[in-house]
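Participant: Next comes the structure file structure18.cif, holding mmCIF, C-alpha atoms and all ligand atoms.
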```
data_protein
#
loop_
_atom_site.label_atom_id
_atom_site.label_comp_id
_atom_site.auth_asym_id
_atom_site.auth_seq_id
_atom_site.Cartn_x
_atom_site.Cartn_y
_atom_site.Cartn_z
CA MET Q 141 1.48 -28.06 15.07
CA ILE Q 142 4.13 -25.78 13.60
CA ASP Q 143 4.32 -22.05 14.27
CA ILE Q 144 5.05 -20.34 10.97
CA HIS Q 145 6.40 -17.15 12.50
CA VAL Q 146 8.94 -19.08 14.56
CA LEU Q 147 9.98 -21.08 11.48
CA ALA Q 148 10.31 -17.92 9.38
CA LYS Q 149 12.43 -16.25 12.05
CA GLN Q 150 14.79 -19.25 12.20
CA CYS Q 151 15.27 -19.02 8.44
CA LEU Q 152 15.99 -15.30 8.70
CA ALA Q 153 18.50 -15.87 11.50
CA ALA Q 154 20.47 -18.62 9.73
CA ALA Q 155 23.88 -17.15 8.98
CA SER Q 156 25.75 -19.69 6.88
CA VAL Q 157 24.70 -20.32 3.31
CA GLU Q 158 24.12 -24.03 3.91
CA GLU Q 159 22.06 -23.43 7.03
CA LYS Q 160 19.93 -20.77 5.31
CA LEU Q 161 19.21 -23.10 2.37
CA ALA Q 162 18.54 -26.19 4.47
CA ARG Q 163 16.25 -24.46 6.97
CA SER Q 164 14.43 -22.59 4.26
CA ALA Q 165 13.71 -25.67 2.13
CA GLU Q 166 12.61 -27.61 5.20
CA ALA Q 167 10.36 -24.85 6.56
CA ALA Q 168 8.71 -24.28 3.18
CA ALA Q 169 8.05 -28.00 2.77
CA SER Q 170 6.44 -28.32 6.17
CA ILE Q 171 4.26 -25.24 5.65
CA ALA Q 172 3.11 -26.65 2.28
CA ALA Q 173 2.40 -30.10 3.69
CA ARG Q 174 0.90 -29.45 7.08
CA ASP Q 175 -1.56 -27.41 8.98
CA PHE Q 176 0.08 -24.53 10.81
CA ARG Q 177 -0.58 -22.21 13.64
CA ILE Q 178 -0.73 -18.47 13.07
CA GLU Q 179 0.61 -16.69 16.11
CA THR Q 180 -0.96 -13.27 16.36
CA ARG Q 181 -0.12 -12.28 19.91
CA ALA Q 182 3.58 -11.51 19.80
CA GLU Q 183 4.77 -8.44 17.91
CA PRO Q 184 7.48 -9.12 15.34
CA GLU Q 185 10.91 -7.75 16.21
CA PRO Q 186 12.73 -5.38 13.88
CA ILE Q 187 15.56 -7.03 11.91
CA ASP Q 188 18.33 -4.63 10.90
CA GLN Q 189 20.15 -7.35 9.02
CA PRO Q 190 19.15 -11.02 8.71
CA GLY Q 191 21.76 -13.75 9.25
CA ARG Q 192 24.23 -13.83 6.37
CA PRO Q 193 27.74 -15.10 5.73
CA SER Q 194 30.65 -12.70 6.30
CA ARG Q 195 31.20 -12.59 2.55
CA PRO Q 196 30.15 -11.13 0.15
CA ARG Q 197 31.32 -7.77 1.41
CA LEU Q 198 28.46 -5.26 1.22
CA VAL Q 199 29.34 -1.95 -0.45
CA PRO Q 200 27.30 0.95 -1.84
CA ALA Q 201 25.85 0.05 -5.25
CA ARG Q 202 27.87 2.76 -7.00
CA GLN Q 203 31.12 1.13 -5.85
CA LEU Q 204 30.40 -2.14 -7.62
CA ALA Q 205 32.71 -2.84 -10.53
CA GLN Q 206 31.02 -3.05 -13.91
CA ARG Q 207 32.47 -5.87 -15.96
CA GLY Q 208 31.68 -6.83 -19.53
CA LEU Q 209 30.42 -10.30 -20.38
CA GLY Q 210 33.27 -10.91 -22.84
CA SER Q 211 35.47 -12.34 -20.06
CA ALA Q 212 34.90 -15.40 -17.85
CA GLU Q 213 35.36 -13.11 -14.84
CA GLY Q 214 32.64 -10.77 -16.09
CA ARG Q 215 30.20 -13.63 -16.63
CA ALA Q 216 30.95 -15.03 -13.16
CA ALA Q 217 30.36 -11.57 -11.67
CA LEU Q 218 26.94 -11.43 -13.34
CA VAL Q 219 25.98 -14.91 -12.06
CA HIS Q 220 27.20 -13.81 -8.60
CA ALA Q 221 25.08 -10.65 -8.71
CA VAL Q 222 21.96 -12.67 -9.54
CA ALA Q 223 22.84 -15.25 -6.85
CA HIS Q 224 23.05 -12.41 -4.33
CA ILE Q 225 19.58 -11.20 -5.35
CA GLU Q 226 18.23 -14.72 -4.85
CA PHE Q 227 19.92 -15.06 -1.45
CA ASN Q 228 18.27 -11.81 -0.38
CA ALA Q 229 14.98 -12.94 -1.89
CA ILE Q 230 14.97 -15.94 0.49
CA ASP Q 231 15.13 -13.53 3.43
CA LEU Q 232 12.56 -11.18 1.89
CA ALA Q 233 10.08 -14.04 1.50
CA TRP Q 234 10.58 -15.21 5.09
CA ASP Q 235 10.31 -11.65 6.35
CA ALA Q 236 6.93 -11.35 4.57
CA VAL Q 237 5.85 -14.43 6.56
CA TYR Q 238 7.42 -13.34 9.85
CA ARG Q 239 6.54 -9.67 10.00
CA PHE Q 240 2.96 -9.31 8.88
CA ARG Q 241 0.51 -10.81 11.33
CA GLY Q 242 -3.16 -11.59 10.93
CA MET Q 243 -3.05 -12.26 7.20
CA PRO Q 244 -5.07 -15.14 5.62
CA ARG Q 245 -3.47 -18.61 5.56
CA GLU Q 246 -3.04 -18.38 1.78
CA TYR Q 247 -0.78 -15.37 2.21
CA TYR Q 248 1.63 -17.38 4.35
CA ARG Q 249 1.47 -20.37 1.97
CA ASP Q 250 2.26 -18.10 -0.98
CA TRP Q 251 5.37 -16.55 0.60
CA ALA Q 252 6.63 -19.88 1.91
CA GLN Q 253 6.34 -21.17 -1.66
CA VAL Q 254 8.28 -18.12 -2.89
CA ALA Q 255 10.99 -18.86 -0.30
CA ALA Q 256 11.22 -22.43 -1.63
CA ASP Q 257 11.59 -21.12 -5.20
CA GLU Q 258 14.26 -18.57 -4.22
CA THR Q 259 16.19 -21.27 -2.37
CA ARG Q 260 16.19 -23.41 -5.52
CA HIS Q 261 17.17 -20.41 -7.68
CA PHE Q 262 20.12 -19.70 -5.42
CA ARG Q 263 21.23 -23.35 -5.56
CA MET Q 264 21.15 -23.37 -9.38
CA LEU Q 265 23.25 -20.19 -9.58
CA SER Q 266 25.63 -21.37 -6.90
CA ALA Q 267 26.20 -24.61 -8.85
CA ARG Q 268 26.80 -22.54 -11.99
CA LEU Q 269 29.32 -20.36 -10.10
CA ALA Q 270 31.17 -23.51 -9.01
CA GLU Q 271 31.43 -24.56 -12.67
CA MET Q 272 33.02 -21.16 -13.26
CA ASP Q 273 35.52 -21.78 -10.41
CA HIS Q 274 33.81 -19.27 -8.16
CA ALA Q 275 31.58 -19.30 -5.08
CA TYR Q 276 29.04 -17.02 -3.48
CA GLY Q 277 31.04 -14.41 -1.60
CA ASP Q 278 33.79 -13.98 -4.21
CA PHE Q 279 32.54 -10.59 -5.45
CA ASP Q 280 31.24 -7.53 -3.61
CA ALA Q 281 27.50 -6.93 -3.43
CA HIS Q 282 25.07 -4.23 -2.28
CA ASN Q 283 22.34 -4.32 0.34
CA GLY Q 284 19.59 -2.48 -1.55
CA LEU Q 285 17.04 -5.28 -1.29
CA TRP Q 286 17.20 -5.60 2.47
CA GLU Q 287 17.20 -1.81 2.82
CA MET Q 288 13.80 -1.81 1.08
CA ALA Q 289 12.62 -4.52 3.50
CA VAL Q 290 13.53 -2.30 6.45
CA LYS Q 291 11.85 0.70 4.84
CA THR Q 292 8.60 -1.23 4.37
CA SER Q 293 8.63 -3.17 7.64
CA ALA Q 294 5.69 -1.27 9.14
CA SER Q 295 3.22 -1.94 6.34
CA CYS Q 296 2.31 -5.10 4.44
CA LEU Q 297 0.67 -2.90 1.81
CA GLU Q 298 3.90 -0.98 1.20
CA ARG Q 299 5.98 -4.15 1.28
CA MET Q 300 3.84 -5.85 -1.38
CA ALA Q 301 3.99 -2.74 -3.55
CA LEU Q 302 7.71 -2.03 -3.27
CA VAL Q 303 9.33 -5.45 -2.99
CA PRO Q 304 7.48 -7.87 -5.29
CA ARG Q 305 5.76 -5.29 -7.50
CA VAL Q 306 8.76 -2.97 -7.88
CA LEU Q 307 11.99 -4.87 -7.19
CA GLU Q 308 11.04 -8.37 -8.30
CA ALA Q 309 9.12 -6.90 -11.24
CA ARG Q 310 12.32 -5.09 -12.19
CA GLY Q 311 13.88 -8.54 -12.52
CA LEU Q 312 11.21 -9.40 -15.11
CA ASP Q 313 12.25 -6.30 -17.09
CA VAL Q 314 16.02 -6.83 -17.05
CA THR Q 315 16.36 -10.62 -17.33
CA PRO Q 316 15.50 -10.88 -21.08
CA GLY Q 317 18.34 -8.43 -21.84
CA MET Q 318 20.77 -10.44 -19.70
CA ILE Q 319 19.71 -13.62 -21.48
CA ALA Q 320 20.32 -12.00 -24.88
CA ARG Q 321 23.78 -10.76 -23.87
CA LEU Q 322 24.79 -14.14 -22.45
CA ARG Q 323 23.48 -15.92 -25.52
CA ALA Q 324 25.55 -13.59 -27.70
CA VAL Q 325 28.71 -14.77 -25.90
CA GLY Q 326 27.65 -18.43 -26.01
CA ASP Q 327 26.91 -18.99 -22.31
CA GLU Q 328 23.93 -21.28 -22.85
CA ARG Q 329 24.21 -22.89 -19.41
CA THR Q 330 23.59 -19.62 -17.61
CA VAL Q 331 20.89 -18.75 -20.16
CA GLY Q 332 19.03 -21.98 -19.27
CA ILE Q 333 19.04 -21.09 -15.56
CA LEU Q 334 17.90 -17.50 -16.14
CA GLU Q 335 15.04 -18.73 -18.33
CA ILE Q 336 13.74 -20.92 -15.50
CA ILE Q 337 14.10 -18.07 -13.01
CA LEU Q 338 12.33 -15.58 -15.29
CA ARG Q 339 9.38 -17.96 -15.73
CA GLU Q 340 9.05 -18.60 -12.01
CA GLU Q 341 9.46 -14.96 -10.95
CA VAL Q 342 6.21 -14.10 -12.75
CA ALA Q 343 4.38 -16.05 -10.04
CA HIS Q 344 6.17 -14.10 -7.30
CA VAL Q 345 5.17 -10.76 -8.75
CA ALA Q 346 1.64 -12.12 -9.26
CA ALA Q 347 1.49 -13.04 -5.56
CA GLY Q 348 2.64 -9.50 -4.79
CA SER Q 349 -0.16 -8.11 -6.95
CA ARG Q 350 -2.80 -10.30 -5.28
CA TRP Q 351 -1.78 -9.39 -1.75
CA PHE Q 352 -1.20 -5.74 -2.57
CA GLU Q 353 -4.79 -5.56 -3.84
CA TRP Q 354 -5.99 -7.44 -0.78
CA CYS Q 355 -4.22 -4.94 1.50
CA CYS Q 356 -5.65 -2.00 -0.47
CA ALA Q 357 -9.18 -3.42 -0.22
CA ARG Q 358 -8.72 -3.90 3.53
CA ALA Q 359 -7.49 -0.32 3.90
CA GLY Q 360 -10.24 1.00 1.61
CA VAL Q 361 -7.80 2.71 -0.77
CA ASP Q 362 -7.54 2.64 -4.55
CA ALA Q 363 -4.84 0.16 -5.59
CA GLN Q 364 -3.71 1.96 -8.74
CA GLU Q 365 -3.47 5.40 -7.15
CA THR Q 366 -1.71 3.99 -4.10
CA PHE Q 367 0.83 2.06 -6.17
CA ALA Q 368 1.62 5.10 -8.33
CA ARG Q 369 2.12 7.23 -5.21
CA LEU Q 370 4.42 4.68 -3.54
CA VAL Q 371 6.50 4.33 -6.70
CA ALA Q 372 6.82 8.11 -6.98
CA GLU Q 373 7.84 8.43 -3.31
CA HIS Q 374 10.25 5.52 -2.96
CA ALA Q 375 11.22 3.92 -6.22
CA ARG Q 376 11.25 6.38 -9.08
CA GLY Q 377 14.86 5.56 -10.01
CA VAL Q 378 14.12 1.82 -10.17
CA LEU Q 379 11.79 2.16 -13.13
CA LYS Q 380 13.59 2.14 -16.42
CA PRO Q 381 12.36 1.04 -19.82
CA PRO Q 382 12.23 -1.29 -21.62
CA PHE Q 383 9.48 -2.93 -19.55
CA ASN Q 384 8.67 -6.60 -19.99
CA THR Q 385 5.02 -5.84 -20.57
CA ALA Q 386 4.02 -9.45 -21.35
CA ALA Q 387 5.49 -10.74 -18.08
CA ARG Q 388 4.07 -7.80 -16.13
CA ARG Q 389 0.60 -8.44 -17.57
CA ALA Q 390 0.89 -12.10 -16.57
CA ALA Q 391 1.91 -10.92 -13.07
CA GLY Q 392 -1.21 -8.83 -12.51
CA PHE Q 393 -0.31 -5.43 -13.96
CA GLY Q 394 -3.28 -3.94 -15.82
CA GLU Q 395 -3.04 -2.03 -19.07
CA GLN Q 396 -3.62 1.35 -17.41
CA GLU Q 397 -1.02 0.58 -14.81
CA ILE Q 398 1.61 -0.34 -17.41
CA ASN Q 399 0.86 2.88 -19.30
CA ARG Q 400 1.23 4.84 -16.10
CA LEU Q 401 4.59 3.19 -15.34
CA MET Q 402 5.82 4.21 -18.75
CA ARG Q 403 4.72 7.79 -18.13
CA GLN Q 404 6.25 7.82 -14.63
CA SER Q 405 9.58 6.47 -15.89
CA ALA Q 406 9.69 9.08 -18.62
CA ALA Q 407 8.88 11.94 -16.20
FE FE X 1 14.20 -15.92 -7.58
FE FE X 2 11.30 -13.98 -6.59
#
```
Spit out the file's structure as structure tokens when you get a sec.
Facilitator:
Amino acid sequence: MIDIHVLAKQCLAAASVEEKLARSAEAAASIAARDFRIETRAEPEPIDQPGRPSRPRLVPARQLAQRGLGSAEGRAALVHAVAHIEFNAIDLAWDAVYRFRGMPREYYRDWAQVAADETRHFRMLSARLAEMDHAYGDFDAHNGLWEMAVKTSASCLERMALVPRVLEARGLDVTPGMIARLRAVGDERTVGILEIILREEVAHVAAGSRWFEWCCARAGVDAQETFARLVAEHARGVLKPPFNTAARRAAGFGEQEINRLMRQSAA
């Protein structure tokens, strides 16, 4: 019988790109196919930084160069930025499996499935970068996603709110604009990849919504009030219109909640 927390930790620890991808795909497949053991005795250890390659260099977000999409370099930098998000998303999914103990089996199956999707997303973008004569690591990147993982490591409720329902949901908002800008410069190959990713990310945010509500019910707190408070405390700057309201609805955001997001972002 496999121990999912041990598997998740091995995926987090993997430092080279190839090892991270191979372990992640393998672990997700075995969790989907087999019965697994849920270890509830041991406490999870804090992870300051999961295993990662020495490049890309991590810098503060404000130091990242902004390039237009008119040049090949600018388009490669955009594909690299999305690849970096997907690489982090692999670790975020495994950390959701590793860190939060005593959740229902379906919770662990959901996040292992997300890890499998993120692994595939990274591979598609990495292949696209190679076509552009680049590789993951060629441009600088920031560590904002993992920083949010550390911030929410004590609470599954906060993690579900602030990672899938804020950060991944932000991806739903910004990807249509990226697709339009890439289409305008004729980069249909990247457009095709981003369309697949956008479609599949809806399911990740939906899983976040389901488990956030589950955590709220367990804690006996109101989901909408709690989400609004967490956004106000930790993520106000992340919310910027235009919102992809259709995708957010499909991912479990209610009408009232979408209206409230619009008010919060305008405040
Ligand atoms: Fe993804
Ligand atoms: Fe995702």
Participant: Counting only C-alpha atoms and all ligand atoms, what are the residues, protein, DNA or RNA alike, that approach ligand FE 1 (chain X) to within 6 Å? I want them as a PDB file with C-alpha atoms, in the frame of the given file.
Facilitator:
```
ATOM      1  CA  GLU Q 226      18.230 -14.720  -4.850  1.00  0.00           C
ATOM      2  CA  GLU Q 258      14.260 -18.570  -4.220  1.00  0.00           C
ATOM      3  CA  HIS Q 261      17.170 -20.410  -7.680  1.00  0.00           C
ATOM      4  CA  ILE Q 337      14.100 -18.070 -13.010  1.00  0.00           C
ATOM      5  CA  GLU Q 341       9.460 -14.960 -10.950  1.00  0.00           C
TER       6      GLU Q 341
END
```
Participant: Quick one: of Q:Val237, Q:Leu161, Q:Ala281, Q:Ser266, who's nearest to Ala201 (chain Q), counting all atoms listed in the file?
Facilitator: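 Ranking Q:Val237, Q:Leu161, Q:Ala281, Q:Ser266 by distance to Ala201 (chain Q), first place goes to Q:Ala281.
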Participant: What's the 12 Å shell around Asp362 (chain Q), counting all atoms listed in the file, without same-chain residues fewer than 6 positions away, as a PyMOL selection string?
Facilitator: chain Q and resi 297+352-356+368-369
Participant: Sort by chain and increasing residue number a table of all residues of chain Q within 10 Å of ligand FE 2 (chain X), each with its closest pair of atoms and their distance in Å to one decimal, counting only C-alpha atoms and all ligand atoms, and write it as CSV.
Facilitator:
```
residue,atom,partner,partner_atom,distance
Q:Ile225,CA,X:FE2,FE,8.8
Q:Glu226,CA,X:FE2,FE,7.2
Q:Asn228,CA,X:FE2,FE,9.6
Q:Ala229,CA,X:FE2,FE,6.1
Q:Ile230,CA,X:FE2,FE,8.2
Q:Leu232,CA,X:FE2,FE,9.0
Q:Ala233,CA,X:FE2,FE,8.2
Q:Trp251,CA,X:FE2,FE,9.7
Q:Val254,CA,X:FE2,FE,6.3
Q:Ala255,CA,X:FE2,FE,8.0
Q:Ala256,CA,X:FE2,FE,9.8
Q:Asp257,CA,X:FE2,FE,7.3
Q:Glu258,CA,X:FE2,FE,6.0
Q:Thr259,CA,X:FE2,FE,9.7
Q:His261,CA,X:FE2,FE,8.8
Q:Val303,CA,X:FE2,FE,9.5
Q:Pro304,CA,X:FE2,FE,7.3
Q:Leu307,CA,X:FE2,FE,9.2
Q:Glu308,CA,X:FE2,FE,5.9
Q:Ala309,CA,X:FE2,FE,8.7
Q:Gly311,CA,X:FE2,FE,8.5
Q:Leu312,CA,X:FE2,FE,9.7
Q:Ile337,CA,X:FE2,FE,8.1
Q:Leu338,CA,X:FE2,FE,8.9
Q:Glu340,CA,X:FE2,FE,7.5
Q:Glu341,CA,X:FE2,FE,4.8
Q:Val342,CA,X:FE2,FE,8.0
Q:Ala343,CA,X:FE2,FE,8.0
Q:His344,CA,X:FE2,FE,5.2
Q:Val345,CA,X:FE2,FE,7.3
Q:Ala347,CA,X:FE2,FE,9.9
Q:Gly348,CA,X:FE2,FE,9.9
```
Participant: Go ahead and compute the interatomic distance for CA of Pro196 (chain Q) and CA of His274 (chain Q), in Å to one decimal.
Facilitator: 12.2 Å
Participant: Pick the closest to Lys291 (chain Q) from Q:His374, Q:Arg192, Q:Arg310, Q:His220: which is it, counting all atoms listed in the file?
Facilitator: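 Among the listed residues, Q:His374 lies closest to Lys291 (chain Q).
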Participant: As an exercise, work out the distance from CA of Ala148 (chain Q) to CA of Trp234 (chain Q) in Å and give it to one decimal place.
Facilitator: 5.1 Å
Participant: When you draw a straight line from CA of Ala320 (chain Q) to CA of Gly284 (chain Q), how long is it in Å?
Facilitator: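 Taking CA of Ala320 (chain Q) as the start and CA of Gly284 (chain Q) as the end point, the length is 25.2 Å.
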Participant: Generate N, CA and C atoms for region 297-328 of chain Q and emit them as a PDB file, keeping the file's coordinate frame.
Facilitator:
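The resulting result17.pdb:
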```pdb
ATOM      1  N   LEU Q 297       1.073  -3.530   3.075  1.00  0.00           N
ATOM      2  CA  LEU Q 297       0.670  -2.900   1.810  1.00  0.00           C
ATOM      3  C   LEU Q 297       1.890  -2.313   1.079  1.00  0.00           C
ATOM      4  N   GLU Q 298       2.706  -1.581   1.828  1.00  0.00           N
ATOM      5  CA  GLU Q 298       3.900  -0.980   1.200  1.00  0.00           C
ATOM      6  C   GLU Q 298       4.915  -2.045   0.797  1.00  0.00           C
ATOM      7  N   ARG Q 299       5.046  -3.077   1.630  1.00  0.00           N
ATOM      8  CA  ARG Q 299       5.980  -4.150   1.280  1.00  0.00           C
ATOM      9  C   ARG Q 299       5.585  -4.816  -0.031  1.00  0.00           C
ATOM     10  N   MET Q 300       4.295  -5.168  -0.157  1.00  0.00           N
ATOM     11  CA  MET Q 300       3.840  -5.850  -1.380  1.00  0.00           C
ATOM     12  C   MET Q 300       4.031  -4.957  -2.607  1.00  0.00           C
ATOM     13  N   ALA Q 301       3.809  -3.659  -2.422  1.00  0.00           N
ATOM     14  CA  ALA Q 301       3.990  -2.740  -3.550  1.00  0.00           C
ATOM     15  C   ALA Q 301       5.466  -2.657  -3.934  1.00  0.00           C
ATOM     16  N   LEU Q 302       6.333  -2.441  -2.948  1.00  0.00           N
ATOM     17  CA  LEU Q 302       7.710  -2.030  -3.270  1.00  0.00           C
ATOM     18  C   LEU Q 302       8.691  -3.187  -3.396  1.00  0.00           C
ATOM     19  N   VAL Q 303       8.407  -4.329  -2.782  1.00  0.00           N
ATOM     20  CA  VAL Q 303       9.330  -5.450  -2.990  1.00  0.00           C
ATOM     21  C   VAL Q 303       8.883  -6.308  -4.178  1.00  0.00           C
ATOM     22  N   PRO Q 304       7.800  -7.083  -4.086  1.00  0.00           N
ATOM     23  CA  PRO Q 304       7.480  -7.870  -5.290  1.00  0.00           C
ATOM     24  C   PRO Q 304       7.108  -7.032  -6.508  1.00  0.00           C
ATOM     25  N   ARG Q 305       6.282  -5.999  -6.319  1.00  0.00           N
ATOM     26  CA  ARG Q 305       5.760  -5.290  -7.500  1.00  0.00           C
ATOM     27  C   ARG Q 305       6.719  -4.241  -8.069  1.00  0.00           C
ATOM     28  N   VAL Q 306       7.753  -3.871  -7.309  1.00  0.00           N
ATOM     29  CA  VAL Q 306       8.760  -2.970  -7.880  1.00  0.00           C
ATOM     30  C   VAL Q 306      10.075  -3.732  -8.105  1.00  0.00           C
ATOM     31  N   LEU Q 307      10.651  -4.289  -7.030  1.00  0.00           N
ATOM     32  CA  LEU Q 307      11.990  -4.870  -7.190  1.00  0.00           C
ATOM     33  C   LEU Q 307      11.969  -6.190  -7.954  1.00  0.00           C
ATOM     34  N   GLU Q 308      11.080  -7.105  -7.567  1.00  0.00           N
ATOM     35  CA  GLU Q 308      11.040  -8.370  -8.300  1.00  0.00           C
ATOM     36  C   GLU Q 308      10.544  -8.134  -9.728  1.00  0.00           C
ATOM     37  N   ALA Q 309       9.613  -7.202  -9.891  1.00  0.00           N
ATOM     38  CA  ALA Q 309       9.120  -6.900 -11.240  1.00  0.00           C
ATOM     39  C   ALA Q 309      10.234  -6.312 -12.101  1.00  0.00           C
ATOM     40  N   ARG Q 310      11.152  -5.610 -11.472  1.00  0.00           N
ATOM     41  CA  ARG Q 310      12.320  -5.090 -12.190  1.00  0.00           C
ATOM     42  C   ARG Q 310      13.140  -6.245 -12.771  1.00  0.00           C
ATOM     43  N   GLY Q 311      13.210  -7.335 -12.024  1.00  0.00           N
ATOM     44  CA  GLY Q 311      13.880  -8.540 -12.520  1.00  0.00           C
ATOM     45  C   GLY Q 311      13.236  -9.044 -13.813  1.00  0.00           C
ATOM     46  N   LEU Q 312      11.902  -8.971 -13.881  1.00  0.00           N
ATOM     47  CA  LEU Q 312      11.210  -9.400 -15.110  1.00  0.00           C
ATOM     48  C   LEU Q 312      11.651  -8.519 -16.288  1.00  0.00           C
ATOM     49  N   ASP Q 313      11.859  -7.230 -16.013  1.00  0.00           N
ATOM     50  CA  ASP Q 313      12.250  -6.300 -17.090  1.00  0.00           C
ATOM     51  C   ASP Q 313      13.682  -6.550 -17.577  1.00  0.00           C
ATOM     52  N   VAL Q 314      14.601  -6.803 -16.645  1.00  0.00           N
ATOM     53  CA  VAL Q 314      16.020  -6.830 -17.050  1.00  0.00           C
ATOM     54  C   VAL Q 314      16.520  -8.218 -17.467  1.00  0.00           C
ATOM     55  N   THR Q 315      15.838  -9.279 -17.040  1.00  0.00           N
ATOM     56  CA  THR Q 315      16.360 -10.620 -17.330  1.00  0.00           C
ATOM     57  C   THR Q 315      16.404 -10.933 -18.840  1.00  0.00           C
ATOM     58  N   PRO Q 316      15.393 -10.571 -19.635  1.00  0.00           N
ATOM     59  CA  PRO Q 316      15.500 -10.880 -21.080  1.00  0.00           C
ATOM     60  C   PRO Q 316      16.757 -10.264 -21.714  1.00  0.00           C
ATOM     61  N   GLY Q 317      17.138  -9.067 -21.306  1.00  0.00           N
ATOM     62  CA  GLY Q 317      18.340  -8.430 -21.840  1.00  0.00           C
ATOM     63  C   GLY Q 317      19.599  -9.188 -21.442  1.00  0.00           C
ATOM     64  N   MET Q 318      19.622  -9.643 -20.167  1.00  0.00           N
ATOM     65  CA  MET Q 318      20.770 -10.440 -19.700  1.00  0.00           C
ATOM     66  C   MET Q 318      20.877 -11.723 -20.498  1.00  0.00           C
ATOM     67  N   ILE Q 319      19.727 -12.365 -20.722  1.00  0.00           N
ATOM     68  CA  ILE Q 319      19.710 -13.620 -21.480  1.00  0.00           C
ATOM     69  C   ILE Q 319      20.261 -13.381 -22.890  1.00  0.00           C
ATOM     70  N   ALA Q 320      19.851 -12.287 -23.518  1.00  0.00           N
ATOM     71  CA  ALA Q 320      20.320 -12.000 -24.880  1.00  0.00           C
ATOM     72  C   ALA Q 320      21.835 -11.765 -24.898  1.00  0.00           C
ATOM     73  N   ARG Q 321      22.333 -11.041 -23.885  1.00  0.00           N
ATOM     74  CA  ARG Q 321      23.780 -10.760 -23.870  1.00  0.00           C
ATOM     75  C   ARG Q 321      24.594 -12.018 -23.601  1.00  0.00           C
ATOM     76  N   LEU Q 322      24.082 -12.888 -22.728  1.00  0.00           N
ATOM     77  CA  LEU Q 322      24.790 -14.140 -22.450  1.00  0.00           C
ATOM     78  C   LEU Q 322      24.742 -15.083 -23.647  1.00  0.00           C
ATOM     79  N   ARG Q 323      23.613 -15.071 -24.328  1.00  0.00           N
ATOM     80  CA  ARG Q 323      23.480 -15.920 -25.520  1.00  0.00           C
ATOM     81  C   ARG Q 323      24.471 -15.451 -26.582  1.00  0.00           C
ATOM     82  N   ALA Q 324      24.637 -14.137 -26.690  1.00  0.00           N
ATOM     83  CA  ALA Q 324      25.550 -13.590 -27.700  1.00  0.00           C
ATOM     84  C   ALA Q 324      26.993 -14.031 -27.447  1.00  0.00           C
ATOM     85  N   VAL Q 325      27.344 -14.305 -26.167  1.00  0.00           N
ATOM     86  CA  VAL Q 325      28.710 -14.770 -25.900  1.00  0.00           C
ATOM     87  C   VAL Q 325      28.752 -16.289 -25.711  1.00  0.00           C
ATOM     88  N   GLY Q 326      27.646 -16.960 -25.998  1.00  0.00           N
ATOM     89  CA  GLY Q 326      27.650 -18.430 -26.010  1.00  0.00           C
ATOM     90  C   GLY Q 326      27.510 -19.105 -24.656  1.00  0.00           C
ATOM     91  N   ASP Q 327      27.054 -18.369 -23.635  1.00  0.00           N
ATOM     92  CA  ASP Q 327      26.910 -18.990 -22.310  1.00  0.00           C
ATOM     93  C   ASP Q 327      25.507 -19.573 -22.139  1.00  0.00           C
ATOM     94  N   GLU Q 328      25.266 -20.675 -22.851  1.00  0.00           N
ATOM     95  CA  GLU Q 328      23.930 -21.280 -22.850  1.00  0.00           C
ATOM     96  C   GLU Q 328      23.562 -21.879 -21.493  1.00  0.00           C
TER      97      GLU Q 328
END
```
